file final.txt (compact mmCIF, C-alpha atoms and all ligand atoms)
# COMPACT_ATOMS: atom_id res chain seq x y z
CA MET R 55 -24.29 -6.96 11.96
CA LEU R 56 -21.67 -5.91 9.42
CA THR R 57 -18.28 -7.55 9.16
CA VAL R 58 -15.21 -5.33 9.51
CA GLU R 59 -14.55 -5.71 5.77
CA GLU R 60 -18.12 -4.73 4.82
CA ALA R 61 -18.00 -1.71 7.11
CA LEU R 62 -14.63 -0.58 5.75
CA GLU R 63 -15.83 -0.94 2.18
CA ALA R 64 -18.96 1.09 2.95
CA ILE R 65 -16.75 3.78 4.50
CA LEU R 66 -14.07 3.92 1.81
CA SER R 67 -16.65 4.11 -0.97
CA ARG R 68 -17.98 7.32 0.60
CA VAL R 69 -14.90 9.33 1.48
CA PRO R 70 -13.86 12.13 -0.88
CA LEU R 71 -10.37 12.75 -2.21
CA LEU R 72 -9.00 16.04 -0.89
CA GLU R 73 -7.60 18.80 -3.09
CA THR R 74 -3.94 19.05 -3.98
CA GLU R 75 -1.45 21.83 -3.30
CA ARG R 76 2.13 22.68 -4.18
CA VAL R 77 4.46 22.63 -1.21
CA ASP R 78 8.18 22.82 -0.53
CA VAL R 79 9.80 19.49 -1.07
CA LEU R 80 10.55 18.95 2.63
CA GLY R 81 6.98 19.90 3.54
CA ALA R 82 5.88 17.07 1.27
CA LEU R 83 7.35 14.50 3.65
CA GLY R 84 4.63 12.13 4.83
CA ARG R 85 2.15 13.18 2.14
CA ALA R 86 1.04 11.49 -1.06
CA LEU R 87 2.29 12.69 -4.41
CA ALA R 88 -0.45 14.15 -6.61
CA GLU R 89 1.42 14.11 -9.94
CA PRO R 90 3.84 11.75 -11.63
CA VAL R 91 7.47 12.83 -11.43
CA VAL R 92 9.45 12.68 -14.67
CA ALA R 93 13.23 13.10 -14.54
CA ARG R 94 14.24 16.41 -16.10
CA ARG R 95 17.93 15.55 -15.85
CA ALA R 96 20.14 12.47 -15.90
CA ILE R 97 21.64 11.28 -12.62
CA PRO R 98 24.61 11.26 -12.74
CA PRO R 99 24.75 13.94 -15.46
CA TRP R 100 28.06 12.64 -16.93
CA PRO R 101 30.32 9.63 -16.46
CA ASN R 102 32.39 10.04 -13.30
CA SER R 103 34.78 8.20 -11.05
CA SER R 104 33.64 6.22 -8.01
CA MET R 105 37.19 6.08 -6.60
CA ASP R 106 40.29 8.18 -6.08
CA GLY R 107 42.74 6.88 -8.70
CA TYR R 108 43.64 7.22 -12.37
CA ALA R 109 41.40 7.55 -15.42
CA VAL R 110 42.75 5.37 -18.25
CA ARG R 111 41.79 3.46 -21.41
CA ALA R 112 40.95 -0.18 -20.60
CA GLU R 113 42.99 -1.47 -23.56
CA ASP R 114 46.13 0.07 -22.01
CA THR R 115 45.78 -1.92 -18.79
CA ARG R 116 48.35 -4.72 -19.08
CA ARG R 117 50.64 -6.22 -16.47
CA GLY R 118 53.82 -4.15 -16.32
CA ALA R 119 52.45 -1.32 -18.50
CA ALA R 120 53.57 2.20 -17.57
CA LEU R 121 51.23 5.14 -18.30
CA ALA R 122 52.20 8.82 -18.31
CA ILE R 123 50.20 11.05 -15.94
CA VAL R 124 48.92 13.89 -18.14
CA GLY R 125 46.79 15.89 -15.70
CA ARG R 126 44.52 15.92 -12.72
CA VAL R 127 40.78 16.38 -12.22
CA GLU R 128 38.98 16.83 -8.91
CA ALA R 129 35.26 16.72 -8.12
CA GLY R 130 33.76 20.03 -9.19
CA GLU R 131 36.26 20.53 -12.02
CA VAL R 132 36.12 19.83 -15.73
CA PRO R 133 39.04 17.86 -17.25
CA ALA R 134 41.38 20.26 -19.05
CA ARG R 135 42.20 17.66 -21.73
CA GLY R 136 41.50 14.10 -22.78
CA VAL R 137 43.35 10.85 -22.17
CA GLY R 138 45.12 9.24 -25.14
CA GLN R 139 46.86 5.94 -25.70
CA GLY R 140 49.47 5.24 -23.00
CA GLU R 141 48.18 8.06 -20.80
CA ALA R 142 46.48 8.35 -17.41
CA MET R 143 44.86 11.25 -15.56
CA ARG R 144 44.82 11.60 -11.78
CA ILE R 145 41.10 11.59 -10.81
CA PHE R 146 39.09 11.88 -7.60
CA THR R 147 35.72 10.45 -6.54
CA GLY R 148 32.89 12.30 -8.27
CA ALA R 149 35.11 13.99 -10.89
CA PRO R 150 34.03 13.79 -14.56
CA LEU R 151 35.85 11.20 -16.64
CA PRO R 152 38.11 12.84 -19.24
CA GLU R 153 37.40 12.32 -22.94
CA GLY R 154 39.07 9.12 -24.19
CA ALA R 155 39.20 7.41 -20.78
CA ASP R 156 36.71 4.64 -20.04
CA THR R 157 38.07 3.05 -16.87
CA VAL R 158 39.40 4.07 -13.46
CA LEU R 159 42.26 2.35 -11.63
CA PRO R 160 42.00 2.82 -7.85
CA GLN R 161 45.18 4.44 -6.50
CA GLU R 162 45.89 1.44 -4.26
CA ASP R 163 46.09 -0.81 -7.34
CA VAL R 164 49.02 1.00 -9.06
CA GLU R 165 52.61 2.04 -8.30
CA ALA R 166 52.73 5.79 -8.84
CA THR R 167 55.65 8.19 -9.26
CA ALA R 168 55.34 11.93 -9.87
CA ASP R 169 54.69 11.53 -13.60
CA SER R 170 53.75 7.92 -14.30
CA ILE R 171 51.98 4.85 -12.97
CA ALA R 172 52.95 1.19 -13.28
CA LEU R 173 50.13 -1.33 -13.64
CA ARG R 174 49.84 -4.75 -12.03
CA GLY R 175 47.54 -6.24 -14.63
CA PRO R 176 44.50 -5.78 -16.90
CA THR R 177 41.33 -4.12 -15.61
CA ALA R 178 37.79 -4.61 -16.90
CA ARG R 179 36.46 -1.80 -19.08
CA ALA R 180 34.28 0.69 -17.17
CA ALA R 181 35.58 -0.42 -13.77
CA TYR R 182 34.89 2.27 -11.11
CA VAL R 183 33.05 4.43 -13.63
CA ARG R 184 29.53 5.58 -12.82
CA ARG R 185 27.90 5.93 -16.21
CA ARG R 186 25.69 8.86 -17.17
CA GLY R 187 22.09 8.14 -16.16
CA GLU R 188 22.95 4.95 -14.24
CA ASP R 189 20.66 6.12 -11.40
CA VAL R 190 18.04 8.02 -13.43
CA GLU R 191 17.74 8.45 -17.21
CA VAL R 192 16.36 11.73 -18.56
CA GLY R 193 12.62 11.39 -19.17
CA ALA R 194 12.20 8.39 -16.89
CA ARG R 195 8.98 8.32 -14.85
CA VAL R 196 10.45 7.87 -11.39
CA LEU R 197 7.50 8.39 -9.02
CA GLU R 198 3.80 7.64 -9.45
CA PRO R 199 0.88 9.65 -8.03
CA GLY R 200 -0.25 8.26 -4.68
CA THR R 201 3.30 7.49 -3.56
CA LEU R 202 3.95 8.29 0.09
CA LEU R 203 6.91 10.65 0.22
CA THR R 204 9.62 9.48 2.60
CA ALA R 205 13.18 10.74 3.03
CA ALA R 206 14.40 8.85 -0.05
CA GLU R 207 11.75 10.43 -2.32
CA VAL R 208 12.51 13.87 -0.88
CA GLY R 209 16.17 13.32 -1.79
CA LEU R 210 15.31 12.12 -5.28
CA LEU R 211 13.10 15.17 -5.89
CA ALA R 212 15.88 17.49 -4.72
CA THR R 213 18.37 15.69 -6.98
CA LEU R 214 16.02 16.20 -9.92
CA GLY R 215 15.72 19.91 -9.13
CA TYR R 216 12.19 20.01 -7.73
CA GLY R 217 12.08 22.68 -5.00
CA GLN R 218 8.31 22.30 -4.82
CA ILE R 219 5.99 19.44 -5.59
CA ARG R 220 2.24 18.84 -5.82
CA VAL R 221 0.82 16.69 -3.03
CA PHE R 222 -2.57 16.03 -1.47
CA ARG R 223 -3.73 18.26 1.32
CA ARG R 224 -3.76 16.93 4.89
CA PRO R 225 -7.26 16.16 6.19
CA ARG R 226 -8.45 18.49 8.98
CA VAL R 227 -10.08 16.24 11.54
CA ALA R 228 -12.33 17.60 14.29
CA ILE R 229 -12.29 15.51 17.46
CA LEU R 230 -15.23 15.62 19.87
CA SER R 231 -15.56 13.78 23.18
CA THR R 232 -18.98 13.34 24.72
CA GLY R 233 -20.01 12.43 28.24
CA ASN R 234 -21.22 14.08 31.45
CA GLU R 235 -18.50 12.27 33.38
CA LEU R 236 -15.54 13.77 31.53
CA ALA R 237 -13.13 16.22 33.12
CA ASP R 238 -10.77 17.65 30.55
CA LEU R 239 -7.01 17.83 30.86
CA GLY R 240 -6.07 20.69 33.16
CA THR R 241 -9.00 20.21 35.51
CA GLU R 242 -8.93 17.80 38.43
CA PRO R 243 -11.75 15.22 38.04
CA GLY R 244 -14.50 15.94 40.60
CA PRO R 245 -16.70 13.33 42.33
CA GLY R 246 -18.02 10.87 39.75
CA GLN R 247 -15.81 12.29 36.99
CA ILE R 248 -13.08 10.58 34.95
CA PRO R 249 -10.30 12.16 32.91
CA ASN R 250 -10.89 12.73 29.21
CA THR R 251 -8.59 10.29 27.43
CA ASN R 252 -10.09 9.93 23.97
CA THR R 253 -9.60 13.49 22.80
CA TYR R 254 -5.87 13.02 23.19
CA THR R 255 -5.46 9.50 21.84
CA LEU R 256 -7.61 10.35 18.83
CA MET R 257 -5.81 13.63 18.08
CA ALA R 258 -2.52 11.76 18.33
CA GLN R 259 -3.81 9.07 15.98
CA VAL R 260 -4.88 11.78 13.53
CA LEU R 261 -1.36 13.21 13.59
CA GLU R 262 0.15 9.77 13.08
CA ALA R 263 -2.13 9.29 10.09
CA GLY R 264 -0.90 12.54 8.53
CA GLY R 265 -3.95 14.66 9.44
CA ASP R 266 -4.36 17.95 11.31
CA PRO R 267 -6.50 17.50 14.45
CA ILE R 268 -8.92 20.18 15.68
CA ASN R 269 -9.97 19.87 19.32
CA LEU R 270 -13.72 20.40 19.79
CA GLY R 271 -13.46 19.67 23.50
CA VAL R 272 -16.08 17.84 25.55
CA ALA R 273 -19.85 17.99 25.01
CA ARG R 274 -22.30 17.04 27.75
CA ASP R 275 -24.79 14.25 27.10
CA ARG R 276 -27.45 16.64 25.80
CA LEU R 277 -28.74 16.59 22.25
CA GLU R 278 -28.41 20.36 21.76
CA ALA R 279 -24.88 20.42 23.17
CA ILE R 280 -23.66 17.68 20.86
CA GLU R 281 -25.52 19.08 17.85
CA GLU R 282 -24.02 22.52 18.47
CA ARG R 283 -20.48 21.07 18.48
CA VAL R 284 -21.13 19.04 15.34
CA ARG R 285 -22.21 22.23 13.58
CA ALA R 286 -19.14 24.01 14.95
CA ALA R 287 -16.96 21.52 13.06
CA ARG R 288 -17.85 23.20 9.76
CA ASP R 289 -14.23 23.97 8.86
CA ALA R 290 -13.09 20.40 9.28
CA ASP R 291 -12.98 17.80 6.52
CA VAL R 292 -13.86 15.02 8.94
CA LEU R 293 -15.58 14.74 12.33
CA VAL R 294 -14.72 12.00 14.80
CA SER R 295 -16.66 11.85 18.05
CA SER R 296 -16.40 9.25 20.77
CA ALA R 297 -18.86 7.72 23.27
CA GLY R 298 -22.63 7.97 23.37
CA VAL R 299 -23.24 5.57 20.45
CA SER R 300 -24.68 2.56 22.28
CA VAL R 301 -28.35 1.99 23.09
CA GLY R 302 -28.56 3.75 26.47
CA GLU R 303 -30.86 6.70 27.04
CA LEU R 304 -27.78 8.96 27.28
CA ASP R 305 -26.42 7.69 23.96
CA LEU R 306 -27.37 10.68 21.88
CA VAL R 307 -24.62 11.00 19.29
CA ARG R 308 -26.51 9.30 16.46
CA GLU R 309 -29.56 11.46 16.92
CA ALA R 310 -27.47 14.61 17.31
CA LEU R 311 -25.62 13.80 14.07
CA THR R 312 -28.91 13.27 12.28
CA ARG R 313 -30.32 16.53 13.62
CA ALA R 314 -27.22 18.34 12.41
CA GLY R 315 -28.00 17.02 8.92
CA ALA R 316 -25.88 13.87 8.70
CA ALA R 317 -27.01 10.78 6.80
CA LEU R 318 -25.94 7.72 8.80
CA HIS R 319 -24.80 4.71 6.78
CA LEU R 320 -23.90 2.09 9.34
CA TRP R 321 -24.03 1.21 12.99
CA GLN R 322 -22.55 -1.77 14.75
CA VAL R 323 -19.79 -3.95 13.41
CA SER R 324 -19.06 -7.50 14.48
CA MET R 325 -15.79 -7.00 16.34
CA ARG R 326 -14.33 -6.90 19.81
CA PRO R 327 -13.47 -4.38 21.11
CA GLY R 328 -15.74 -2.02 19.24
CA LYS R 329 -19.16 -3.00 17.90
CA PRO R 330 -21.12 0.24 18.34
CA ILE R 331 -19.64 2.45 15.67
CA THR R 332 -21.50 4.92 13.55
CA PHE R 333 -20.42 6.27 10.20
CA GLY R 334 -22.23 8.87 8.16
CA SER R 335 -21.88 11.83 5.81
CA LEU R 336 -22.46 15.44 6.63
CA GLY R 337 -22.75 16.70 3.08
CA SER R 338 -19.58 15.28 1.58
CA ARG R 339 -17.77 15.16 4.92
CA PRO R 340 -17.35 11.82 6.66
CA VAL R 341 -18.42 11.65 10.31
CA TRP R 342 -17.77 8.90 12.83
CA GLY R 343 -19.24 8.14 16.20
CA LEU R 344 -16.70 5.83 17.83
CA PRO R 345 -17.31 3.89 21.04
CA GLY R 346 -16.35 5.54 24.33
CA ASN R 347 -14.05 3.05 25.98
CA PRO R 348 -10.51 4.22 25.29
CA VAL R 349 -9.27 0.98 23.69
CA SER R 350 -12.44 0.61 21.61
CA ALA R 351 -12.04 4.18 20.37
CA MET R 352 -8.41 3.57 19.43
CA VAL R 353 -9.02 0.24 17.71
CA THR R 354 -12.00 1.46 15.71
CA PHE R 355 -10.02 4.54 14.69
CA GLU R 356 -7.22 2.26 13.57
CA LEU R 357 -9.49 -0.03 11.53
CA PHE R 358 -11.94 2.49 10.04
CA VAL R 359 -10.83 6.11 10.37
CA ARG R 360 -7.13 5.76 9.58
CA PRO R 361 -7.62 4.06 6.19
CA ALA R 362 -10.23 6.69 5.30
CA LEU R 363 -7.88 9.56 6.19
CA LEU R 364 -5.12 7.97 4.11
CA LYS R 365 -7.51 7.61 1.18
CA MET R 366 -8.62 11.24 1.46
CA GLY R 367 -4.96 12.24 1.49
CA GLY R 368 -4.40 10.46 -1.82
CA ARG R 369 -2.49 7.48 -0.48
CA ARG R 370 -2.46 4.28 -2.53
CA ARG R 371 -1.74 1.88 0.27
CA LEU R 372 -4.35 2.17 3.02
CA THR R 373 -3.62 -0.79 5.26
CA ARG R 374 -0.98 -1.50 7.85
CA PRO R 375 1.38 -4.39 7.28
CA ARG R 376 0.15 -7.75 8.56
CA VAL R 377 2.62 -10.28 9.90
CA ARG R 378 2.29 -13.94 10.89
CA ALA R 379 3.33 -14.88 14.39
CA ARG R 380 3.22 -17.98 16.59
CA THR R 381 1.34 -17.74 19.84
CA LEU R 382 3.56 -17.98 22.92
CA GLU R 383 0.52 -18.50 25.14
CA VAL R 384 -3.12 -19.53 24.73
CA VAL R 385 -5.13 -16.75 23.08
CA PRO R 386 -8.85 -17.04 23.78
CA ASN R 387 -11.54 -15.13 21.91
CA PRO R 388 -14.86 -16.23 23.37
CA GLY R 389 -18.09 -14.87 21.93
CA SER R 390 -19.52 -14.36 18.50
CA ARG R 391 -17.44 -11.36 17.39
CA ARG R 392 -14.03 -11.33 15.74
CA GLY R 393 -11.33 -10.30 18.19
CA TYR R 394 -8.68 -7.66 17.69
CA LEU R 395 -6.48 -8.58 20.59
CA ARG R 396 -3.52 -6.54 21.74
CA VAL R 397 -0.29 -8.48 21.46
CA GLN R 398 3.36 -7.97 22.06
CA LEU R 399 5.66 -9.39 19.39
CA GLU R 400 9.08 -10.85 19.99
CA ALA R 401 11.70 -12.44 17.79
CA THR R 402 12.10 -16.18 18.48
CA ALA R 403 14.27 -18.87 16.86
CA ASP R 404 11.08 -19.87 15.07
CA GLY R 405 10.14 -16.45 13.66
CA LEU R 406 7.90 -13.93 15.39
CA GLY R 407 6.15 -14.89 18.60
CA ALA R 408 3.07 -13.17 20.03
CA ARG R 409 1.66 -12.93 23.53
CA LEU R 410 -1.28 -10.98 24.90
CA THR R 411 -0.45 -7.70 26.58
CA GLY R 412 -2.48 -8.71 29.60
CA GLU R 413 -6.08 -8.01 30.52
CA GLN R 414 -7.96 -7.26 27.28
CA GLY R 415 -10.82 -5.15 28.67
CA SER R 416 -11.78 -2.26 26.40
CA ALA R 417 -11.06 0.25 29.18
CA ILE R 418 -7.54 -1.09 29.86
CA LEU R 419 -5.43 1.49 28.04
CA ARG R 420 -2.17 -0.02 29.22
CA SER R 421 -2.91 -3.11 27.14
CA MET R 422 -2.65 -0.74 24.17
CA VAL R 423 0.50 0.96 25.45
CA ALA R 424 2.25 -2.42 25.52
CA ALA R 425 0.92 -3.57 22.15
CA ASP R 426 3.03 -3.97 19.02
CA GLY R 427 -0.01 -5.10 17.09
CA LEU R 428 -3.56 -6.39 16.99
CA ALA R 429 -4.01 -10.13 16.58
CA VAL R 430 -7.00 -10.93 14.38
CA VAL R 431 -8.76 -13.91 15.97
CA PRO R 432 -11.97 -15.52 14.65
CA PRO R 433 -15.06 -15.70 16.90
CA ASP R 434 -15.53 -18.56 19.39
CA THR R 435 -11.89 -19.58 19.15
CA VAL R 436 -9.24 -20.61 21.62
CA VAL R 437 -5.90 -20.39 19.81
CA PRO R 438 -3.49 -22.94 21.33
CA VAL R 439 0.18 -22.28 22.06
CA GLY R 440 2.37 -22.48 18.96
CA ALA R 441 -0.39 -21.83 16.42
CA GLU R 442 0.01 -19.21 13.70
CA ILE R 443 -2.01 -16.03 13.98
CA GLU R 444 -2.24 -12.91 11.87
CA VAL R 445 -1.19 -9.64 13.49
CA ILE R 446 -1.83 -6.11 12.27
CA GLN R 447 1.49 -4.45 12.97
CA LEU R 448 1.13 -1.09 14.71
CA ARG R 449 4.75 -0.20 15.41
CA ASP R 450 8.28 -1.04 14.39
CA LEU R 451 9.11 -4.62 15.19
CA PRO R 452 11.20 -5.21 18.30
P1 LIG R 501 -20.41 5.38 26.50
O1 LIG R 501 -20.31 4.77 25.15
O2 LIG R 501 -20.75 6.83 26.46
O3 LIG R 501 -21.30 4.59 27.38
O4 LIG R 501 -18.94 5.27 27.11
C1 LIG R 501 -18.36 4.01 27.36
C2 LIG R 501 -17.30 4.13 28.42
O5 LIG R 501 -16.24 4.93 27.93
C3 LIG R 501 -17.76 4.79 29.70
O6 LIG R 501 -17.17 4.09 30.80
C4 LIG R 501 -17.22 6.18 29.59
O7 LIG R 501 -17.01 6.78 30.84
C5 LIG R 501 -15.92 5.95 28.85
N1 LIG R 501 -15.54 7.16 28.09
C6 LIG R 501 -16.30 7.83 27.25
N2 LIG R 501 -15.64 8.88 26.71
C7 LIG R 501 -14.40 8.86 27.24
C8 LIG R 501 -13.27 9.67 27.09
N3 LIG R 501 -13.27 10.75 26.28
N4 LIG R 501 -12.17 9.36 27.80
C9 LIG R 501 -12.15 8.28 28.61
N5 LIG R 501 -13.21 7.47 28.79
C10 LIG R 501 -14.33 7.74 28.12
MG MG R 502 -21.52 8.13 27.72

call {"tool": "encode", "arguments": {"input": "final.txt", "output": "structure tokens"}}
result
Amino acid sequence: MLTVEEALEAILSRVPLLETERVDVLGALGRALAEPVVARRAIPPWPNSSMDGYAVRAEDTRRGAALAIVGRVEAGEVPARGVGQGEAMRIFTGAPLPEGADTVLPQEDVEATADSIALRGPTARAAYVRRRGEDVEVGARVLEPGTLLTAAEVGLLATLGYGQIRVFRRPRVAILSTGNELADLGTEPGPGQIPNTNTYTLMAQVLEAGGDPINLGVARDRLEAIEERVRAARDADVLVSSAGVSVGELDLVREALTRAGAALHLWQVSMRPGKPITFGSLGSRPVWGLPGNPVSAMVTFELFVRPALLKMGGRRRLTRPRVRARTLEVVPNPGSRRGYLRVQLEATADGLGARLTGEQGSAILRSMVAADGLAVVPPDTVVPVGAEIEVIQLRDLP
């Protein structure tokens, strides 16, 4: 059986990079940059004041000196004249520094009358002056391809005058649920039926990973039905199905994928929850058959599908952050497979603490609802209280 790392490597080596497109700068939020960004202007474009006060020459700032006020410049204006020896100009935050001045005295540091200011002492040259290019120099390479665009990058692009920018396309991900027992949302489950959960968790996970989900609905456990849906996913970049990948006689997803023309690369990974997971290629399009239990489907999506979607979308960093935490209770992982156990994290005097979110069965979705992360626990291990464990962080820390 493959390790999680081997399986992920096999997957990532086979997923294609999507095309790029130019989009409005705000539409680029959450996507990966497809080109380097070079500054076409300096930020700030000219030296300016960071305070309301007086623009002066540093050499004139002596205790008891009096400087004549020779003008006034507000943000948005251009100074009408320069500042000479013994002179000062009234200046406001963001206004350009007049020629000849190199320093700003904050208004609270001087005694001002209508036409002059008295100084309390010397001031360092360039105090309260934001120099040209102090944020960004012209020609500087400020963003690299593969960078995830967040609010700060969007702001930087706007500052540099980019109304549009080239980013990677979002992956279109078809989601298929399989199983005779499934009643879809909007229909009351009949006798022997259970509600369809996976379609909705998986579509939500696709959205969280920056993809566009396409709902293929529910297919019955019949080869032709599954095969027909797989073929219907032609417009998608990726297909993710759940359930029907074990060894039962109703586990038909692998065969249906093969019949639809997919080459299957792996099956079964040594992990808990999870294990039966299929990955293949339909032409150049990646396809997954995830396990049916809701937690297994979510965890295998998290470990194998999410990094692949990020890679397709041009992202450089594919993994979630991992944090170290101390166990606040005994964490058992019996059996020969590595555990990905749902834990809640809390801040303690001693750093982060972790406790299980309760019953860890792969059908207990509420253990996932309560989880801040997945603790990675080696096989056949009972982690004692107070030991350090590694946790894949799934949400903002409490
Ligand atoms: P299977 O792999 O088909 O044997 O499914 C494993 C378990 O997951 C069974 O108990 C199924 O009823 C359940 N299951 C499969 N698909 C879904 C789904 N879409 N939503 C909720 N439970 C599911
Ligand atoms: Mg089934």

call {"tool": "residues_near_ligand", "arguments": {"input": "final.txt", "ligand": "ligand MG 502 (chain R)", "cutoff": "8 Å", "atoms": "all atoms listed in the file", "output": "CSV table (one decimal) with C-alpha atoms, keeping the file's coordinate frame"}}
result
chain,number,residue,atom,x,y,z
R,232,THR,CA,-19.0,13.3,24.7
R,233,GLY,CA,-20.0,12.4,28.2
R,234,ASN,CA,-21.2,14.1,31.4
R,235,GLU,CA,-18.5,12.3,33.4
R,275,ASP,CA,-24.8,14.2,27.1
R,297,ALA,CA,-18.9,7.7,23.3
R,298,GLY,CA,-22.6,8.0,23.4
R,299,VAL,CA,-23.2,5.6,20.4
R,304,LEU,CA,-27.8,9.0,27.3
R,305,ASP,CA,-26.4,7.7,24.0
R,346,GLY,CA,-16.4,5.5,24.3

call {"tool": "atom_distance", "arguments": {"input": "final.txt", "atom1": "atom CA of R:Ala155", "atom2": "atom CA of R:Arg186"}}
result
14.1 Å

call {"tool": "closest_residue", "arguments": {"input": "final.txt", "among": "R:Ala316, R:Val196, R:Leu357, R:Met352", "to": "ligand LIG 501 (chain R)", "atoms": "all atoms listed in the file"}}
result
R:Met352

call {"tool": "residues_around", "arguments": {"input": "final.txt", "residues": "R:Ile280", "least_positions_apart": "2", "cutoff": "10 Å", "atoms": "only C-alpha atoms", "output": "mmCIF file with C-alpha atoms, in the frame of the given file"}}
result
data_model
loop_
_atom_site.group_PDB
_atom_site.id
_atom_site.type_symbol
_atom_site.label_atom_id
_atom_site.label_comp_id
_atom_site.auth_asym_id
_atom_site.auth_seq_id
_atom_site.Cartn_x
_atom_site.Cartn_y
_atom_site.Cartn_z
ATOM 1 C CA LEU R 230 -15.230 15.620 19.870
ATOM 2 C CA SER R 231 -15.560 13.780 23.180
ATOM 3 C CA THR R 232 -18.980 13.340 24.720
ATOM 4 C CA GLY R 233 -20.010 12.430 28.240
ATOM 5 C CA VAL R 272 -16.080 17.840 25.550
ATOM 6 C CA ALA R 273 -19.850 17.990 25.010
ATOM 7 C CA ARG R 274 -22.300 17.040 27.750
ATOM 8 C CA ASP R 275 -24.790 14.250 27.100
ATOM 9 C CA ARG R 276 -27.450 16.640 25.800
ATOM 10 C CA LEU R 277 -28.740 16.590 22.250
ATOM 11 C CA GLU R 278 -28.410 20.360 21.760
ATOM 12 C CA GLU R 282 -24.020 22.520 18.470
ATOM 13 C CA ARG R 283 -20.480 21.070 18.480
ATOM 14 C CA VAL R 284 -21.130 19.040 15.340
ATOM 15 C CA ARG R 285 -22.210 22.230 13.580
ATOM 16 C CA ALA R 286 -19.140 24.010 14.950
ATOM 17 C CA SER R 295 -16.660 11.850 18.050
ATOM 18 C CA LEU R 306 -27.370 10.680 21.880
ATOM 19 C CA VAL R 307 -24.620 11.000 19.290
ATOM 20 C CA ARG R 308 -26.510 9.300 16.460
ATOM 21 C CA GLU R 309 -29.560 11.460 16.920
ATOM 22 C CA ALA R 310 -27.470 14.610 17.310
ATOM 23 C CA LEU R 311 -25.620 13.800 14.070
ATOM 24 C CA ARG R 313 -30.320 16.530 13.620
ATOM 25 C CA ALA R 314 -27.220 18.340 12.410
#

call {"tool": "closest_residue", "arguments": {"input": "final.txt", "among": "R:Val58, R:Thr373, R:Arg95, R:Phe355", "to": "R:Gly215", "atoms": "only C-alpha atoms"}}
result
R:Arg95
